[in-house]
file query.csv (CSV, C-alpha atoms)
chain,number,residue,atom,x,y,z
A,240,MET,CA,-43.4,-73.5,17.5
A,241,ASN,CA,-45.9,-70.7,17.9
A,242,SER,CA,-45.1,-70.6,21.7
A,243,GLY,CA,-41.4,-70.3,20.9
A,244,LYS,CA,-41.9,-67.5,18.4
A,245,SER,CA,-44.1,-65.6,20.9
A,246,ASN,CA,-41.4,-65.9,23.6
A,247,ILE,CA,-38.8,-64.6,21.2
A,248,CYS,CA,-41.0,-61.6,20.2
A,249,LEU,CA,-41.7,-60.8,23.9
A,250,LEU,CA,-37.9,-60.9,24.6
A,251,LEU,CA,-37.2,-58.5,21.8
A,252,ILE,CA,-39.8,-56.1,23.0
A,253,LEU,CA,-38.4,-56.2,26.5
A,254,VAL,CA,-34.8,-55.4,25.2
A,255,ILE,CA,-36.1,-52.5,23.2
A,256,LEU,CA,-38.0,-51.1,26.2
A,257,ILE,CA,-35.0,-51.4,28.5
A,258,ALA,CA,-32.8,-49.6,25.9
A,259,PHE,CA,-35.3,-46.8,25.5
A,260,THR,CA,-36.1,-46.2,29.2
A,261,GLY,CA,-32.7,-46.8,30.7
A,262,CYS,CA,-32.1,-48.3,34.1
A,263,ASP,CA,-34.0,-45.7,36.0
A,264,GLY,CA,-37.2,-46.2,34.1
A,265,ARG,CA,-37.2,-42.7,32.5
A,266,PRO,CA,-37.2,-42.3,28.7
A,267,SER,CA,-33.7,-41.7,27.2
A,268,VAL,CA,-33.1,-38.8,24.8
A,269,PRO,CA,-30.0,-38.0,22.8
A,270,ALA,CA,-27.5,-35.9,24.8
A,271,VAL,CA,-27.0,-32.3,23.8
A,272,ASN,CA,-24.0,-30.4,25.0
A,273,ILE,CA,-25.3,-26.9,25.5
A,274,ASP,CA,-21.9,-25.6,26.4
A,275,SER,CA,-20.4,-26.3,22.9
A,276,PRO,CA,-21.1,-23.8,20.2
A,277,SER,CA,-22.6,-25.0,16.9
A,278,GLU,CA,-20.4,-25.1,13.8
A,279,THR,CA,-22.0,-21.8,12.7
A,280,GLN,CA,-21.3,-20.2,16.1
A,281,ALA,CA,-17.7,-21.4,16.0
A,282,ALA,CA,-17.2,-20.0,12.6
A,283,SER,CA,-18.6,-16.6,13.6
A,284,ASN,CA,-16.4,-16.5,16.8
A,285,LYS,CA,-13.2,-17.4,14.9
A,286,VAL,CA,-10.5,-14.7,15.2
A,287,ILE,CA,-9.1,-13.7,11.8
A,288,THR,CA,-5.5,-12.4,11.6
A,289,LEU,CA,-5.0,-9.5,9.1
A,290,LYS,CA,-1.3,-8.9,8.4
A,291,ILE,CA,-0.5,-5.6,6.6
A,292,ALA,CA,3.0,-5.0,5.2
A,293,ASN,CA,4.8,-1.9,4.0
A,294,TYR,CA,8.3,-0.5,3.4
A,295,TYR,CA,8.0,2.6,5.6
A,296,ALA,CA,9.9,3.2,8.9
A,297,GLU,CA,7.8,2.6,12.0
A,298,ASN,CA,7.7,6.3,12.8
A,299,HIS,CA,6.5,7.4,9.3
A,300,PRO,CA,3.0,8.8,9.0
A,301,GLN,CA,1.9,5.7,7.2
A,302,ASN,CA,2.6,3.5,10.2
A,303,ILE,CA,1.5,6.1,12.7
A,304,ALA,CA,-1.9,6.2,11.0
A,305,LEU,CA,-2.0,2.4,10.8
A,306,ASN,CA,-1.5,2.1,14.5
A,307,ASP,CA,-3.7,5.1,15.6
A,308,VAL,CA,-6.6,4.7,13.2
A,309,PHE,CA,-6.6,1.5,11.0
A,310,ARG,CA,-6.0,-1.2,13.7
A,311,PRO,CA,-8.3,0.2,16.4
A,312,MET,CA,-11.1,0.8,13.9
A,313,ILE,CA,-11.0,-2.8,12.6
A,314,GLU,CA,-10.4,-4.5,15.9
A,315,SER,CA,-13.1,-2.5,17.7
A,316,GLY,CA,-15.6,-2.5,14.8
A,317,SER,CA,-15.3,-6.3,14.3
A,318,LYS,CA,-15.6,-6.8,18.1
A,319,GLY,CA,-12.3,-8.6,18.1
A,320,SER,CA,-13.1,-11.0,15.3
A,321,ILE,CA,-10.3,-9.5,13.2
A,322,ARG,CA,-6.9,-9.0,14.7
A,323,VAL,CA,-4.5,-6.6,12.9
A,324,GLU,CA,-0.7,-7.1,12.7
A,325,ILE,CA,1.3,-4.3,11.2
A,326,TYR,CA,4.7,-5.1,9.6
A,327,PRO,CA,6.6,-1.9,8.8
A,328,ASP,CA,10.1,-1.3,7.4
A,329,ASN,CA,10.2,-4.3,5.0
A,330,GLN,CA,9.8,-6.8,7.9
A,331,LEU,CA,8.0,-9.2,5.6
A,332,GLY,CA,10.4,-8.5,2.7
A,333,ALA,CA,11.0,-5.7,0.2
A,334,GLU,CA,8.1,-4.4,-1.8
A,335,LYS,CA,8.2,-7.0,-4.5
A,336,VAL,CA,8.2,-9.8,-1.9
A,337,PHE,CA,5.3,-8.5,0.1
A,338,ILE,CA,3.3,-7.9,-3.0
A,339,GLU,CA,3.8,-11.5,-4.0
A,340,GLY,CA,2.8,-12.5,-0.5
A,341,THR,CA,-0.4,-10.5,-0.8
A,342,LYS,CA,-1.1,-12.2,-4.2
A,343,ARG,CA,-0.7,-15.6,-2.7
A,344,GLY,CA,-2.6,-14.8,0.5
A,345,THR,CA,0.3,-15.4,2.9
A,346,ILE,CA,0.0,-11.7,3.6
A,347,GLU,CA,-3.5,-10.3,3.8
A,348,MET,CA,-2.9,-6.7,2.9
A,349,CYS,CA,-0.1,-4.4,1.8
A,350,ILE,CA,0.7,-0.7,1.0
A,351,MET,CA,2.4,-0.8,-2.3
A,352,GLY,CA,3.8,1.8,-4.7
A,353,MET,CA,3.6,1.6,-8.5
A,354,MET,CA,5.6,-1.6,-8.9
A,355,LEU,CA,2.8,-3.2,-10.9
A,356,ALA,CA,3.0,-0.4,-13.5
A,357,GLU,CA,5.2,-2.6,-15.8
A,358,ASP,CA,2.2,-4.9,-16.2
A,359,TYR,CA,-0.5,-2.2,-15.9
A,360,PRO,CA,0.8,0.8,-17.8
A,361,ARG,CA,-2.0,3.1,-16.7
A,362,LEU,CA,-0.3,3.2,-13.3
A,363,LYS,CA,2.7,4.9,-14.9
A,364,ILE,CA,0.6,8.1,-15.3
A,365,VAL,CA,0.5,8.6,-11.5
A,366,GLU,CA,4.3,9.0,-11.5
A,367,PHE,CA,4.8,11.2,-14.6
A,368,PRO,CA,6.9,14.2,-13.5
A,369,TYR,CA,4.8,17.2,-12.5
A,370,ILE,CA,1.5,15.4,-13.4
A,371,PHE,CA,-0.4,16.7,-10.4
A,372,GLU,CA,-0.8,20.3,-9.4
A,373,ASP,CA,-0.7,19.5,-5.6
A,374,VAL,CA,-1.0,16.7,-3.2
A,375,ASP,CA,-4.7,17.2,-2.3
A,376,MET,CA,-5.8,17.2,-5.9
A,377,GLY,CA,-4.0,14.0,-6.7
A,378,PHE,CA,-5.5,12.3,-3.6
A,379,THR,CA,-9.0,13.4,-4.5
A,380,LEU,CA,-8.7,12.3,-8.2
A,381,LEU,CA,-7.1,8.9,-7.4
A,382,ASN,CA,-9.8,8.0,-4.8
A,383,GLY,CA,-12.4,8.4,-7.4
A,384,GLU,CA,-13.2,7.2,-10.9
A,385,ILE,CA,-9.7,8.0,-12.2
A,386,GLY,CA,-8.2,5.7,-9.6
A,387,SER,CA,-10.5,2.9,-10.5
A,388,GLU,CA,-9.6,3.2,-14.1
A,389,LEU,CA,-5.9,3.2,-13.4
A,390,THR,CA,-6.2,-0.1,-11.5
A,391,GLU,CA,-8.4,-1.9,-13.9
A,392,GLY,CA,-7.7,-5.6,-14.3
A,393,ILE,CA,-5.6,-6.0,-11.2
A,394,ILE,CA,-8.2,-7.9,-9.2
A,395,GLU,CA,-8.8,-10.4,-12.0
A,396,ASN,CA,-5.2,-11.0,-12.9
A,397,GLU,CA,-3.3,-10.5,-9.6
A,398,ASN,CA,-5.8,-11.8,-7.0
A,399,ILE,CA,-5.4,-8.5,-5.1
A,400,ARG,CA,-8.1,-5.8,-4.7
A,401,PRO,CA,-7.1,-2.1,-4.6
A,402,LEU,CA,-9.1,-0.5,-1.8
A,403,ALA,CA,-7.9,3.1,-1.8
A,404,TRP,CA,-4.9,5.4,-2.5
A,405,ASN,CA,-2.9,7.3,0.0
A,406,VAL,CA,0.1,9.6,0.0
A,407,ASN,CA,3.8,8.7,-0.2
A,408,GLY,CA,4.8,12.3,-0.5
A,409,ILE,CA,6.2,15.1,-2.6
A,410,ARG,CA,9.6,13.9,-3.8
A,411,ALA,CA,12.8,15.8,-3.4
A,412,ILE,CA,16.4,15.0,-4.4
A,413,SER,CA,19.0,14.4,-1.7
A,414,ASN,CA,22.7,13.9,-2.3
A,415,SER,CA,26.1,13.9,-0.6
A,416,ARG,CA,28.2,15.9,-3.1
A,417,LYS,CA,26.8,19.4,-3.8
A,418,PRO,CA,23.7,21.6,-3.4
A,419,ILE,CA,21.3,21.6,-6.3
A,420,ASN,CA,20.2,25.1,-7.2
A,421,SER,CA,19.7,24.7,-10.9
A,422,LEU,CA,19.2,22.0,-13.6
A,423,ASP,CA,23.0,22.2,-14.4
A,424,ASP,CA,23.8,21.0,-10.9
A,425,CYS,CA,22.2,17.6,-11.6
A,426,ALA,CA,24.8,16.6,-14.2
A,427,GLY,CA,27.1,13.8,-13.2
A,428,LEU,CA,25.4,12.9,-9.9
A,429,LYS,CA,24.6,9.2,-9.5
A,430,LEU,CA,21.0,9.0,-8.5
A,431,ARG,CA,19.2,6.0,-7.2
A,432,VAL,CA,15.7,5.4,-8.7
A,433,PRO,CA,13.5,2.3,-8.7
A,434,GLN,CA,13.7,-0.2,-11.6
A,435,VAL,CA,10.8,1.6,-13.3
A,436,LYS,CA,11.1,3.0,-16.8
A,437,HIS,CA,9.4,6.4,-16.3
A,438,PHE,CA,11.6,7.0,-13.1
A,439,ILE,CA,14.7,6.2,-15.2
A,440,GLU,CA,13.6,8.5,-18.0
A,441,MET,CA,12.7,11.3,-15.7
A,442,ALA,CA,16.1,11.1,-13.9
A,443,LYS,CA,17.9,11.0,-17.3
A,444,SER,CA,15.9,14.0,-18.6
A,445,LEU,CA,17.2,16.0,-15.6
A,446,GLY,CA,20.8,15.1,-16.3
A,447,PHE,CA,21.5,12.5,-13.6
A,448,THR,CA,23.5,9.3,-14.0
A,449,VAL,CA,20.9,6.6,-13.2
A,450,VAL,CA,21.4,3.7,-10.8
A,451,THR,CA,18.5,1.3,-10.0
A,452,MET,CA,18.0,-0.7,-6.8
A,453,PRO,CA,15.4,-1.7,-4.2
A,454,MET,CA,14.4,0.8,-1.5
A,455,SER,CA,15.8,-1.6,1.1
A,456,GLU,CA,19.3,-1.1,-0.2
A,457,ILE,CA,19.4,2.7,-0.3
A,458,PHE,CA,21.0,3.4,3.0
A,459,THR,CA,24.0,1.1,2.4
A,460,ALA,CA,24.4,2.4,-1.2
A,461,LEU,CA,24.5,6.0,0.0
A,462,GLN,CA,26.8,5.1,2.9
A,463,GLN,CA,29.3,3.3,0.6
A,464,LYS,CA,29.1,5.9,-2.2
A,465,VAL,CA,27.7,3.5,-4.6
A,466,VAL,CA,25.2,6.3,-5.4
A,467,ASP,CA,25.5,10.0,-4.6
A,468,GLY,CA,21.8,10.6,-4.0
A,469,GLN,CA,18.2,9.4,-4.1
A,470,GLU,CA,14.8,10.9,-4.7
A,471,ASN,CA,12.0,10.5,-2.1
A,472,PRO,CA,10.0,12.9,0.1
A,473,PRO,CA,12.1,14.6,2.9
A,474,THR,CA,9.9,12.8,5.5
A,475,THR,CA,11.2,9.5,4.2
A,476,VAL,CA,14.8,10.8,4.3
A,477,LEU,CA,14.3,11.6,7.9
A,478,THR,CA,12.4,8.5,9.1
A,479,SER,CA,14.8,6.2,7.2
A,480,GLY,CA,17.9,7.8,8.6
A,481,TRP,CA,19.3,8.7,5.2
A,482,TYR,CA,20.2,12.2,6.5
A,483,GLU,CA,23.1,10.5,8.3
A,484,VAL,CA,24.8,9.9,4.9
A,485,GLN,CA,23.5,12.9,2.9
A,486,LYS,CA,24.3,16.7,3.0
A,487,TYR,CA,21.9,18.3,0.6
A,488,ILE,CA,18.2,18.2,-0.3
A,489,ALA,CA,16.7,20.1,-3.2
A,490,LEU,CA,12.9,20.6,-3.1
A,491,THR,CA,12.4,19.8,-6.7
A,492,ASN,CA,8.8,18.6,-6.3
A,493,HIS,CA,9.3,16.5,-9.4
A,494,MET,CA,6.8,13.9,-8.4
A,495,ILE,CA,4.0,13.5,-5.9
A,496,GLY,CA,4.1,9.8,-4.9
A,497,TYR,CA,1.0,7.8,-4.0
A,498,ASN,CA,0.4,4.3,-2.8
A,499,ILE,CA,-2.2,1.7,-3.3
A,500,ILE,CA,-3.7,0.0,-0.2
A,501,ALA,CA,-4.5,-3.5,-1.4
A,502,ILE,CA,-6.0,-6.7,0.0
A,503,ASN,CA,-5.8,-10.3,-1.1
A,504,GLU,CA,-8.9,-11.0,-3.1
A,505,GLY,CA,-9.5,-14.5,-1.7
A,506,PHE,CA,-9.2,-13.3,1.8
A,507,TYR,CA,-11.6,-10.4,1.0
A,508,GLN,CA,-14.2,-12.7,-0.5
A,509,GLU,CA,-14.2,-15.0,2.6
A,510,LEU,CA,-15.2,-12.1,4.8
A,511,SER,CA,-18.7,-11.4,5.8
A,512,ASP,CA,-20.4,-8.3,4.3
A,513,GLU,CA,-20.1,-6.6,7.7
A,514,GLN,CA,-16.4,-7.4,7.9
A,515,LYS,CA,-15.8,-6.1,4.4
A,516,GLN,CA,-17.5,-2.8,5.3
A,517,ILE,CA,-15.5,-2.4,8.5
A,518,ILE,CA,-12.2,-2.9,6.6
A,519,GLU,CA,-13.2,-0.6,3.7
A,520,LYS,CA,-14.3,2.2,6.1
A,521,ALA,CA,-11.1,1.8,8.1
A,522,VAL,CA,-9.0,2.0,4.9
A,523,GLU,CA,-10.8,5.2,3.9
A,524,VAL,CA,-10.3,6.9,7.3
A,525,PHE,CA,-6.7,5.7,7.4
A,526,ALA,CA,-5.9,7.1,4.0
A,527,GLN,CA,-7.4,10.5,5.0
A,528,LYS,CA,-5.6,10.5,8.3
A,529,GLU,CA,-2.2,9.6,6.7
A,530,LEU,CA,-2.7,12.6,4.3
A,531,GLU,CA,-3.3,14.9,7.2
A,532,LEU,CA,-0.3,13.5,9.1
A,533,TYR,CA,1.9,13.8,6.0
A,534,LYS,CA,1.1,17.5,5.4
A,535,ALA,CA,1.6,18.4,9.0
A,536,ALA,CA,4.9,16.5,9.2
A,537,ALA,CA,6.4,17.7,5.8
A,538,ALA,CA,7.3,21.3,6.7
A,539,LYS,CA,8.3,20.3,10.2
A,540,ASP,CA,10.5,17.5,8.9
A,541,VAL,CA,12.3,19.9,6.6
A,542,GLU,CA,13.1,22.0,9.6
A,543,ILE,CA,14.3,19.0,11.6
A,544,LEU,CA,16.6,18.0,8.7
A,545,LYS,CA,18.0,21.5,8.7
A,546,SER,CA,18.8,21.2,12.4
A,547,LYS,CA,20.7,18.0,11.6
A,548,GLY,CA,22.9,19.8,9.2
A,549,ILE,CA,21.2,19.2,5.9
A,550,GLN,CA,21.3,22.1,3.5
A,551,ILE,CA,17.9,22.7,1.8
A,552,THR,CA,17.7,24.4,-1.5
A,553,THR,CA,14.6,25.5,-3.5
A,554,PRO,CA,15.6,25.7,-7.1
A,555,ASP,CA,13.5,27.5,-9.7
A,556,LEU,CA,11.3,24.6,-11.0
A,557,HIS,CA,10.5,26.1,-14.4
A,558,SER,CA,13.6,24.6,-16.1
A,559,PHE,CA,13.0,21.3,-14.3
A,560,ARG,CA,9.4,21.1,-15.6
A,561,GLU,CA,10.5,22.0,-19.1
A,562,ALA,CA,13.2,19.3,-19.0
A,563,ALA,CA,10.9,16.6,-17.6
A,564,LEU,CA,7.7,17.2,-19.5
A,565,PRO,CA,8.9,15.5,-22.7
A,566,VAL,CA,8.9,12.3,-20.6
A,567,HIS,CA,5.0,12.5,-20.9
A,568,LYS,CA,5.1,12.5,-24.6
A,569,ALA,CA,7.7,9.7,-24.8
A,570,MET,CA,5.7,7.5,-22.4
A,571,LEU,CA,2.4,8.1,-24.3
A,572,ASN,CA,4.2,7.1,-27.5
A,573,ASP,CA,5.4,3.9,-25.8
A,574,PHE,CA,2.0,3.1,-24.3
A,575,PRO,CA,-0.7,4.6,-26.6
A,576,GLN,CA,-3.3,2.6,-24.7
A,577,ILE,CA,-3.0,4.9,-21.7
A,578,ARG,CA,-3.5,8.2,-23.6
A,579,SER,CA,-7.3,8.4,-22.9
A,580,THR,CA,-6.9,8.0,-19.2
A,581,TYR,CA,-4.0,10.5,-19.2
A,582,GLU,CA,-6.2,13.0,-21.0
A,583,LYS,CA,-9.1,12.4,-18.7
A,584,LEU,CA,-6.8,13.1,-15.7
A,585,ILE,CA,-5.6,16.3,-17.2
A,586,ALA,CA,-9.1,17.4,-18.0
A,587,GLU,CA,-10.3,16.6,-14.5
A,588,GLN,CA,-7.6,18.8,-13.0
A,589,LYS,CA,-8.6,21.7,-15.2
A,590,LYS,CA,-12.1,21.5,-13.6
A,591,PHE,CA,-10.6,22.3,-10.2

call {"tool": "encode", "arguments": {"input": "query.csv", "output": "structure tokens"}}
result
Amino acid sequence: MNSGKSNICLLLILVILIAFTGCDGRPSVPAVNIDSPSETQAASNKVITLKIANYYAENHPQNIALNDVFRPMIESGSKGSIRVEIYPDNQLGAEKVFIEGTKRGTIEMCIMGMMLAEDYPRLKIVEFPYIFEDVDMGFTLLNGEIGSELTEGIIENENIRPLAWNVNGIRAISNSRKPINSLDDCAGLKLRVPQVKHFIEMAKSLGFTVVTMPMSEIFTALQQKVVDGQENPPTTVLTSGWYEVQKYIALTNHMIGYNIIAINEGFYQELSDEQKQIIEKAVEVFAQKELELYKAAAAKDVEILKSKGIQITTPDLHSFREAALPVHKAMLNDFPQIRSTYEKLIAEQKKF
């Protein structure tokens, strides 16, 4: 019995030695594939796609700045780890659609107007008629403490993070029926405005008949005479081709429009600290570049519109301001919670 047990033990030892040394007599070690990256390396080498959507034409300063500044800064700064895809001209849907996509994360970033103002009333202040003295002052104030106060609560409730503000433009009124030289000329004209209360109230205060619709429907509505006119910066009239179905533009300067550059919060939080910094810096430079492009293009675009047969008028704005300023009081009565921010913005402008 002892001899049999000894033989079994020796046999087991022999099997173990053969398994360890292999057939060539050299010790075996676990194989390591040095050509395959570790999981950490694979994660760091993953290419992230960043889609950014907006409603501007491809040749608008917004998209020129996105292509010339935003995309190269991110793709170069991230060493190719972030690939930027730009979707202009409502290619991913109208504003409401691409905002929803940014909330859900199917779109990583967007440039949006004040569509969230119905849920975040402080945003309405930005579009009060004649609220800003000039475009530079508004840009500076919004990209500071005032801008952060205006967007308070959006990250937590909407899953999107406002990163910066940039310029839509100084709004004017175009129409196909008659030149506007005074407030009296506004009466009876059917004016398209967005489905936003303070836009509606502003247009009514100036004497227009108000029609609301998405921006994507403006050209067809103008062409088919569903509306007589619309109000947007002259640059937007030019780049969107609306001059083809309009005859007159009045430089009423009734509103300086701004946009929010926003990113999906979940996407943002998954980025490394370095990637966050790259995107934030690119957004800052993009916003400043777009402002410069807008100002350079604005006067030039008015001249181009003139060359295309558009009649430009510059009415005395005193009566327009007087007619529109009661909208401030009405809006503050409707939304008393925004009064302190409104007063802070007015006080900050006085410092300048």

call {"tool": "closest_residue", "arguments": {"input": "query.csv", "among": "A:Ala426, A:Ala411, A:Lys443, A:Met454", "to": "A:Glu334", "atoms": "all atoms listed in the file"}}
result
A:Met454

call {"tool": "closest_residue", "arguments": {"input": "query.csv", "among": "A:Lys590, A:Pro453, A:Glu366, A:Val522", "to": "A:Ile500", "atoms": "only C-alpha atoms"}}
result
A:Val522

call {"tool": "atom_distance", "arguments": {"input": "query.csv", "atom1": "atom CA of A:Pro433", "atom2": "atom CA of A:Ala460"}}
result
13.2 Å

call {"tool": "closest_residue", "arguments": {"input": "query.csv", "among": "A:Asp424, A:Glu347, A:Glu509, A:Glu456", "to": "A:Ala333", "atoms": "all atoms listed in the file"}}
result
A:Glu456

call {"tool": "closest_residue", "arguments": {"input": "query.csv", "among": "A:Lys290, A:Lys539, A:Lys318, A:Lys534", "to": "A:Gln330", "atoms": "all atoms listed in the file"}}
result
A:Lys290

call {"tool": "decode", "arguments": {"input": "query.csv", "residues": "stretch 376-397 of chain A", "atoms": "N, CA and C atoms", "output": "PDB file, in the first residue's frame"}}
result
ATOM      1  N   MET A 376     -21.710  95.698 -24.756  1.00  0.00           N
ATOM      2  CA  MET A 376     -22.063  95.738 -23.344  1.00  0.00           C
ATOM      3  C   MET A 376     -22.856  94.498 -22.949  1.00  0.00           C
ATOM      4  N   GLY A 377     -23.808  94.127 -23.776  1.00  0.00           N
ATOM      5  CA  GLY A 377     -24.578  92.927 -23.495  1.00  0.00           C
ATOM      6  C   GLY A 377     -23.709  91.683 -23.450  1.00  0.00           C
ATOM      7  N   PHE A 378     -22.776  91.572 -24.401  1.00  0.00           N
ATOM      8  CA  PHE A 378     -21.875  90.417 -24.456  1.00  0.00           C
ATOM      9  C   PHE A 378     -21.041  90.308 -23.184  1.00  0.00           C
ATOM     10  N   THR A 379     -20.497  91.437 -22.739  1.00  0.00           N
ATOM     11  CA  THR A 379     -19.660  91.444 -21.537  1.00  0.00           C
ATOM     12  C   THR A 379     -20.462  91.063 -20.295  1.00  0.00           C
ATOM     13  N   LEU A 380     -21.631  91.659 -20.139  1.00  0.00           N
ATOM     14  CA  LEU A 380     -22.447  91.394 -18.955  1.00  0.00           C
ATOM     15  C   LEU A 380     -22.931  89.951 -18.916  1.00  0.00           C
ATOM     16  N   LEU A 381     -23.333  89.425 -20.052  1.00  0.00           N
ATOM     17  CA  LEU A 381     -23.877  88.072 -20.078  1.00  0.00           C
ATOM     18  C   LEU A 381     -22.804  87.018 -19.843  1.00  0.00           C
ATOM     19  N   ASN A 382     -21.577  87.296 -20.256  1.00  0.00           N
ATOM     20  CA  ASN A 382     -20.490  86.355 -20.005  1.00  0.00           C
ATOM     21  C   ASN A 382     -19.811  86.632 -18.662  1.00  0.00           C
ATOM     22  N   GLY A 383     -20.610  87.058 -17.702  1.00  0.00           N
ATOM     23  CA  GLY A 383     -20.139  87.302 -16.342  1.00  0.00           C
ATOM     24  C   GLY A 383     -21.166  86.838 -15.331  1.00  0.00           C
ATOM     25  N   GLU A 384     -21.177  87.485 -14.201  1.00  0.00           N
ATOM     26  CA  GLU A 384     -22.058  87.083 -13.100  1.00  0.00           C
ATOM     27  C   GLU A 384     -23.533  87.160 -13.477  1.00  0.00           C
ATOM     28  N   ILE A 385     -23.907  88.175 -14.237  1.00  0.00           N
ATOM     29  CA  ILE A 385     -25.300  88.324 -14.649  1.00  0.00           C
ATOM     30  C   ILE A 385     -25.752  87.128 -15.471  1.00  0.00           C
ATOM     31  N   GLY A 386     -24.908  86.704 -16.406  1.00  0.00           N
ATOM     32  CA  GLY A 386     -25.252  85.555 -17.246  1.00  0.00           C
ATOM     33  C   GLY A 386     -25.449  84.287 -16.446  1.00  0.00           C
ATOM     34  N   SER A 387     -24.603  84.072 -15.433  1.00  0.00           N
ATOM     35  CA  SER A 387     -24.747  82.893 -14.575  1.00  0.00           C
ATOM     36  C   SER A 387     -26.044  82.938 -13.779  1.00  0.00           C
ATOM     37  N   GLU A 388     -26.409  84.129 -13.330  1.00  0.00           N
ATOM     38  CA  GLU A 388     -27.650  84.279 -12.573  1.00  0.00           C
ATOM     39  C   GLU A 388     -28.877  84.017 -13.460  1.00  0.00           C
ATOM     40  N   LEU A 389     -28.785  84.451 -14.713  1.00  0.00           N
ATOM     41  CA  LEU A 389     -29.901  84.256 -15.637  1.00  0.00           C
ATOM     42  C   LEU A 389     -30.153  82.787 -15.937  1.00  0.00           C
ATOM     43  N   THR A 390     -29.104  81.968 -15.938  1.00  0.00           N
ATOM     44  CA  THR A 390     -29.244  80.551 -16.294  1.00  0.00           C
ATOM     45  C   THR A 390     -29.323  79.636 -15.075  1.00  0.00           C
ATOM     46  N   GLU A 391     -29.498  80.208 -13.914  1.00  0.00           N
ATOM     47  CA  GLU A 391     -29.541  79.420 -12.685  1.00  0.00           C
ATOM     48  C   GLU A 391     -30.633  78.354 -12.752  1.00  0.00           C
ATOM     49  N   GLY A 392     -30.271  77.115 -12.391  1.00  0.00           N
ATOM     50  CA  GLY A 392     -31.221  76.009 -12.331  1.00  0.00           C
ATOM     51  C   GLY A 392     -31.281  75.156 -13.578  1.00  0.00           C
ATOM     52  N   ILE A 393     -30.698  75.621 -14.680  1.00  0.00           N
ATOM     53  CA  ILE A 393     -30.808  74.877 -15.941  1.00  0.00           C
ATOM     54  C   ILE A 393     -30.032  73.566 -15.890  1.00  0.00           C
ATOM     55  N   ILE A 394     -28.840  73.596 -15.302  1.00  0.00           N
ATOM     56  CA  ILE A 394     -28.050  72.351 -15.233  1.00  0.00           C
ATOM     57  C   ILE A 394     -28.811  71.280 -14.465  1.00  0.00           C
ATOM     58  N   GLU A 395     -29.302  71.642 -13.306  1.00  0.00           N
ATOM     59  CA  GLU A 395     -29.943  70.666 -12.420  1.00  0.00           C
ATOM     60  C   GLU A 395     -31.253  70.133 -13.019  1.00  0.00           C
ATOM     61  N   ASN A 396     -32.001  70.980 -13.678  1.00  0.00           N
ATOM     62  CA  ASN A 396     -33.337  70.584 -14.131  1.00  0.00           C
ATOM     63  C   ASN A 396     -33.400  70.093 -15.567  1.00  0.00           C
ATOM     64  N   GLU A 397     -32.460  70.538 -16.401  1.00  0.00           N
ATOM     65  CA  GLU A 397     -32.555  70.222 -17.828  1.00  0.00           C
ATOM     66  C   GLU A 397     -31.444  69.307 -18.322  1.00  0.00           C
TER      67      GLU A 397
END
